[in-house]
Amino acid sequence: MDTEQQQRSEQKAIEAGGEMGRTLEITGRQSEKNVEKSLDKNPERFTEKGAEKLAEKGDDLENGDPVRRRGHETSELEAATHLFKGSVGAGLFAMGDCFKNGGLAGATILLPIIAVMCVHCERMLIRGSVLAVERTPGVDFLDYPETVEKCFEHGPRPLRKMSRVMKLVVEMFLCVTQFGFCAIYFVFITENLHQVLQQNGIDISMSMVMLITLLPAMIPSLMTNLKYISPVSLFANVALLFGLIATLTIAFSDGPMPPVGDRHLFTGGAQLSLFFGTALFSYEGIALILPLRNSMRRPENFSSRFGVLNSTMFFTTALFIFTGFVSYVRWGEEVAGSITLNLVVEEVFSQVVKVIAALGVFLGYPIQFFVMMKILWPPLKRSNKCAQKYPITMQVCLRFFMVMMTFGVALVVPKLNLFISLIGALCSTCLAFVIPVLIDFVTRAQVPKALGVWSYIKNILILTVAVLGIVTGTYQSIVEIVKEFK
């Protein structure tokens with residue numbers, strides 16, 4: 001009897017468990033249907049105004065803000081500082097060359113237009129990320145490549161198969177851009193130090209100077225932990241700011257400024273192509289947009305009317321215009337790819353400025369290199385058994401190889417300004433303009449009438465400008481580089 005009762009109890013428990021499983025399954029299906037109904041009832045979530053509201057609110061849902069990470073939450077000032085640091089680098093010192101290619105009036109008009117386009121595309125990226133996070137269970141933050149992948153994954157059916165490919169494309173552009181930054185940093189450091197060494201009687205070639213800088217750049221780049229690298233970032237920015245202020249001070253104090261009439265107000269097509277590449281290279285901070293917004297205490301203040309994004313871009317653009325205008329008026333057609341190279345090398349103070357500016361860029365090299373490695377290393381580790389068995393050794397070997405690659409490219413490319421224009425036209429344009437427009441098209445295509453006439457005209461116009469900039473800027477940069485070789 002006891003055995004029979006025990007068997008009956010076990011049978012009831014099994015039936016209860018099966019019933020519970022079926023209940024959970026039905027509940028899960030109902031939840032999915034509720035989510036779909038919610039999305040159907042709220043199509044504005046996929047329209048421009050609805051997405052803007054989500055972005056402005058920080059997308060507060062019942063379970064909390066999905067785009068906010070736990071941990072240290074940054075203030076508006078901290079976020080603005082980080083965005084400024086990410087947007088200002090070697091491109092700031094190239095503003096003189098940028099104005100030479102765009103003309104005093106042309107560059108002054110076009111730079112704010114490019115800045116407005118950049119901000120608008122960054123807002124589209126934020127909206128796409130907010131929507132992608134909302135539709136991805138268990139995820140509270142997506143970076144740039146992941147946002148692109150998820151937007152295509154939840155987009156129209158014909159495009160869903162492209163999600164993985166689009167993520168790889170964005171990662172490739174980010175990696176090439178960071179690689180270009182690192183190589184440009186080598187050229188910037190070498191050109192400034194070469195002038196100083198020659199003035200002090202040390203007559204060695206540019207290649208040898210670059211080889212001398214290789215070892216100091218190699219050591220911090222082999223470190224696999226950012227906490228050992230990041231402390232130098234603050235000093236690097238102080239050095240860059242000092243270099244800029246000192247250079248502009250010398251430009252103003254070196255006698256009366258030449259008449260503005262002696263400079264070109266507007267330029268032609270070939271030079272405008274180079275201007276476009278340099279300008280896009282200078283606005284290099286789009287990869288920071290999502291991480292910075294996510295880290296803020298109040299994410300809605302990042303993209304509000306007078307928020308972090310608009311304020312920082314306004315200040316950065318004003319600084320670019322001021323630096324470029326003064327540099328081109330002072331040095332005219334002789335302005336170099338870095339305005340520090342135009343300083344009179346015979347003066348001791350000018351030599352100090354060159355060395356400090358080169359040091360500031362040099363200390364920023366490991367940070368830029370770290371970002372590139374963060375993209376390259378994870379897929380390699382997943383696909384390579386040797387990398388899984390010896391992760392530290394393999395990562396150090398990869399870092400050594402990539403440092404040598406950036407060194408090799410910097411050694412081959414003869415001119416800093418042409419290299420900046422090439423990277424800006426080819427990679428920065430795709431990341432800043434093309435990909436955000438594609439995200440906007442994909443997210444809007446899911447909702448009837450979300451793609452209005454204005455959306456089509458605006459996005460097609462941005463794509464047209466981007467494609468023209470990519471084709472003409474890349475072509476002209478390559479042509480000028482070939483001329484330098486000849």
# chains A, B, ... in the order shown; residues from 1 in each chain; ligands from 1

$ select_by_dssp --residues "region 196-418 of chain A" --states "alpha helix (DSSP H)" --output "NGL selection string"
:A and (196-199 or 206-221 or 231-253 or 269-282 or 289-295 or 308-331 or 348-383 or 385-389 or 391-412 or 416-418)

$ residues_around --residues "Pro291 (chain A)" --least-positions-apart "2" --cutoff "10 Å" --atoms "only C-alpha atoms" --output "ChimeraX atom specification"
/A:67-69,79,141-144,287-289,293-296

$ residues_around --residues "Leu431 (chain A)" --least-positions-apart "4" --cutoff "9 Å" --atoms "only C-alpha atoms" --output "compact mmCIF listing (two decimals) with all heavy atoms, in the first residue's frame"
# COMPACT_ATOMS: atom_id res chain seq x y z
N VAL A 170 30.98 47.91 -39.85
CA VAL A 170 31.22 49.02 -38.92
C VAL A 170 32.50 48.78 -38.12
O VAL A 170 33.31 49.70 -37.92
CB VAL A 170 30.02 49.19 -37.98
CG1 VAL A 170 30.31 50.23 -36.90
CG2 VAL A 170 28.78 49.62 -38.76
N PHE A 173 35.46 49.59 -40.34
CA PHE A 173 35.70 51.03 -40.48
C PHE A 173 36.27 51.62 -39.20
O PHE A 173 37.17 52.48 -39.25
CB PHE A 173 34.41 51.75 -40.87
CG PHE A 173 34.09 51.67 -42.33
CD1 PHE A 173 32.86 51.21 -42.77
CD2 PHE A 173 35.01 52.07 -43.28
CE1 PHE A 173 32.56 51.14 -44.12
CE2 PHE A 173 34.74 52.01 -44.63
CZ PHE A 173 33.50 51.53 -45.06
N LEU A 174 35.74 51.20 -38.05
CA LEU A 174 36.28 51.70 -36.78
C LEU A 174 37.74 51.31 -36.63
O LEU A 174 38.58 52.11 -36.19
CB LEU A 174 35.47 51.14 -35.61
CG LEU A 174 34.09 51.77 -35.37
CD1 LEU A 174 33.33 50.98 -34.31
CD2 LEU A 174 34.23 53.22 -34.93
N ILE A 286 32.50 60.01 -33.03
CA ILE A 286 31.17 59.38 -33.09
C ILE A 286 31.14 58.05 -32.34
O ILE A 286 30.11 57.66 -31.79
CB ILE A 286 30.70 59.19 -34.54
CG1 ILE A 286 29.23 58.78 -34.57
CG2 ILE A 286 31.58 58.17 -35.27
CD1 ILE A 286 28.58 58.86 -35.92
N ALA A 287 32.25 57.34 -32.28
CA ALA A 287 32.27 56.05 -31.57
C ALA A 287 32.09 56.22 -30.06
O ALA A 287 31.76 55.27 -29.35
CB ALA A 287 33.58 55.32 -31.85
N CYS A 427 37.00 56.68 -44.23
CA CYS A 427 36.43 55.98 -43.08
C CYS A 427 35.52 56.86 -42.23
O CYS A 427 34.41 56.46 -41.87
CB CYS A 427 37.56 55.42 -42.22
SG CYS A 427 38.59 54.23 -43.08
N ILE A 435 26.40 55.25 -42.17
CA ILE A 435 25.82 54.23 -41.30
C ILE A 435 24.62 54.77 -40.50
O ILE A 435 23.58 54.11 -40.43
CB ILE A 435 26.89 53.65 -40.35
CG1 ILE A 435 28.06 53.07 -41.16
CG2 ILE A 435 26.28 52.58 -39.45
CD1 ILE A 435 27.68 51.93 -42.07
N PRO A 436 24.70 55.98 -39.88
CA PRO A 436 23.52 56.49 -39.17
C PRO A 436 22.30 56.67 -40.07
O PRO A 436 21.16 56.43 -39.64
CB PRO A 436 24.00 57.84 -38.62
CG PRO A 436 25.47 57.68 -38.45
CD PRO A 436 25.88 56.84 -39.62

$ residues_around --residues "Leu92 (chain A)" --least-positions-apart "6" --cutoff "8 Å" --atoms "only C-alpha atoms" --output "list in words"
Ser282, Phe320 and Thr323 of chain A

$ residues_around --residues "Ala357 (chain A)" --least-positions-apart "3" --cutoff "9 Å" --atoms "only C-alpha atoms" --output "VMD selection string"
chain A and resid 189 192 236 239 to 244 340 352 to 354 360 to 362

$ residues_around --residues "Phe181 (chain A)" --least-positions-apart "5" --cutoff "9 Å" --atoms "only C-alpha atoms" --output "list of chain:residue names"
A:Ala90, A:Val176, A:Phe186, A:Tyr365, A:Gln368, A:Phe369, A:Ile420, A:Ile423

$ write_last_selection --atoms "C-alpha atoms" --output "PDB file, in the first residue's frame"
ATOM      1  CA  ALA A  90      45.846  65.825 -34.358  1.00  0.00           C
ATOM      2  CA  VAL A 176      40.795  51.206 -40.010  1.00  0.00           C
ATOM      3  CA  PHE A 186      53.627  58.628 -35.719  1.00  0.00           C
ATOM      4  CA  TYR A 365      48.923  56.870 -29.093  1.00  0.00           C
ATOM      5  CA  GLN A 368      43.963  55.058 -29.676  1.00  0.00           C
ATOM      6  CA  PHE A 369      45.824  51.774 -30.075  1.00  0.00           C
ATOM      7  CA  ILE A 420      44.551  62.946 -42.598  1.00  0.00           C
ATOM      8  CA  ILE A 423      41.403  58.613 -43.543  1.00  0.00           C
TER       9      ILE A 423
END

$ atom_distance --atom1 "CA of Gly106 (chain A)" --atom2 "CA of Phe276 (chain A)"
11.2 Å

$ residues_around --residues "region 260-275 of chain A" --least-positions-apart "3" --cutoff "7 Å" --atoms "only C-alpha atoms" --output "MDAnalysis selection string"
chainID A and resid 98 101:106 278:279 329 332 421 469 472:473 476:477

$ write_last_selection --atoms "N, CA, C and O atoms" --output "mmCIF file, in the first residue's frame"
data_model
loop_
_atom_site.group_PDB
_atom_site.id
_atom_site.type_symbol
_atom_site.label_atom_id
_atom_site.label_comp_id
_atom_site.auth_asym_id
_atom_site.auth_seq_id
_atom_site.Cartn_x
_atom_site.Cartn_y
_atom_site.Cartn_z
ATOM 1 N N CYS A 98 43.229 72.760 -43.416
ATOM 2 C CA CYS A 98 41.808 72.622 -43.749
ATOM 3 C C CYS A 98 41.265 73.922 -44.341
ATOM 4 O O CYS A 98 40.554 73.908 -45.349
ATOM 5 N N ASN A 101 42.542 74.606 -47.896
ATOM 6 C CA ASN A 101 41.834 73.859 -48.928
ATOM 7 C C ASN A 101 40.390 74.320 -49.107
ATOM 8 O O ASN A 101 39.815 74.142 -50.183
ATOM 9 N N GLY A 102 39.802 74.906 -48.050
ATOM 10 C CA GLY A 102 38.411 75.348 -48.144
ATOM 11 C C GLY A 102 38.238 76.819 -48.404
ATOM 12 O O GLY A 102 37.156 77.252 -48.830
ATOM 13 N N GLY A 103 39.287 77.615 -48.153
ATOM 14 C CA GLY A 103 39.182 79.062 -48.275
ATOM 15 C C GLY A 103 38.656 79.671 -46.978
ATOM 16 O O GLY A 103 37.939 79.013 -46.220
ATOM 17 N N LEU A 104 39.010 80.917 -46.730
ATOM 18 C CA LEU A 104 38.604 81.560 -45.478
ATOM 19 C C LEU A 104 37.082 81.590 -45.332
ATOM 20 O O LEU A 104 36.537 81.165 -44.303
ATOM 21 N N ALA A 105 36.390 82.084 -46.344
ATOM 22 C CA ALA A 105 34.925 82.165 -46.263
ATOM 23 C C ALA A 105 34.288 80.786 -46.428
ATOM 24 O O ALA A 105 33.356 80.429 -45.695
ATOM 25 N N GLY A 106 34.806 80.004 -47.384
ATOM 26 C CA GLY A 106 34.241 78.684 -47.648
ATOM 27 C C GLY A 106 34.308 77.766 -46.445
ATOM 28 O O GLY A 106 33.310 77.136 -46.061
ATOM 29 N N THR A 278 39.645 66.359 -44.309
ATOM 30 C CA THR A 278 40.269 66.868 -43.085
ATOM 31 C C THR A 278 39.218 67.254 -42.047
ATOM 32 O O THR A 278 39.377 66.978 -40.854
ATOM 33 N N ALA A 279 38.128 67.885 -42.500
ATOM 34 C CA ALA A 279 37.069 68.293 -41.574
ATOM 35 C C ALA A 279 36.413 67.084 -40.912
ATOM 36 O O ALA A 279 36.194 67.070 -39.692
ATOM 37 N N VAL A 329 45.428 82.754 -42.157
ATOM 38 C CA VAL A 329 45.746 84.170 -42.369
ATOM 39 C C VAL A 329 47.225 84.436 -42.087
ATOM 40 O O VAL A 329 47.895 85.169 -42.819
ATOM 41 N N GLY A 332 49.272 81.508 -44.654
ATOM 42 C CA GLY A 332 48.825 81.427 -46.040
ATOM 43 C C GLY A 332 49.024 80.056 -46.665
ATOM 44 O O GLY A 332 48.762 79.020 -46.042
ATOM 45 N N SER A 421 43.518 63.633 -44.708
ATOM 46 C CA SER A 421 42.411 63.759 -45.658
ATOM 47 C C SER A 421 41.939 62.396 -46.146
ATOM 48 O O SER A 421 40.734 62.161 -46.310
ATOM 49 N N GLY A 469 31.771 63.100 -50.991
ATOM 50 C CA GLY A 469 32.961 63.303 -50.178
ATOM 51 C C GLY A 469 33.882 62.093 -50.178
ATOM 52 O O GLY A 469 35.110 62.228 -50.262
ATOM 53 N N THR A 472 35.352 61.721 -54.100
ATOM 54 C CA THR A 472 36.279 62.791 -54.504
ATOM 55 C C THR A 472 37.426 62.958 -53.508
ATOM 56 O O THR A 472 38.583 63.143 -53.901
ATOM 57 N N GLY A 473 37.111 62.864 -52.198
ATOM 58 C CA GLY A 473 38.152 63.031 -51.187
ATOM 59 C C GLY A 473 39.183 61.927 -51.221
ATOM 60 O O GLY A 473 40.401 62.177 -51.155
ATOM 61 N N GLN A 476 41.249 62.267 -54.593
ATOM 62 C CA GLN A 476 42.183 63.385 -54.600
ATOM 63 C C GLN A 476 43.334 63.154 -53.624
ATOM 64 O O GLN A 476 44.479 63.512 -53.916
ATOM 65 N N SER A 477 43.042 62.554 -52.476
ATOM 66 C CA SER A 477 44.102 62.270 -51.501
ATOM 67 C C SER A 477 45.121 61.289 -52.071
ATOM 68 O O SER A 477 46.335 61.470 -51.929
#

$ closest_residue --among "A:Ile470, A:Ile204, A:Leu438, A:Val133" --to "Met166 (chain A)" --atoms "only C-alpha atoms"
A:Leu438
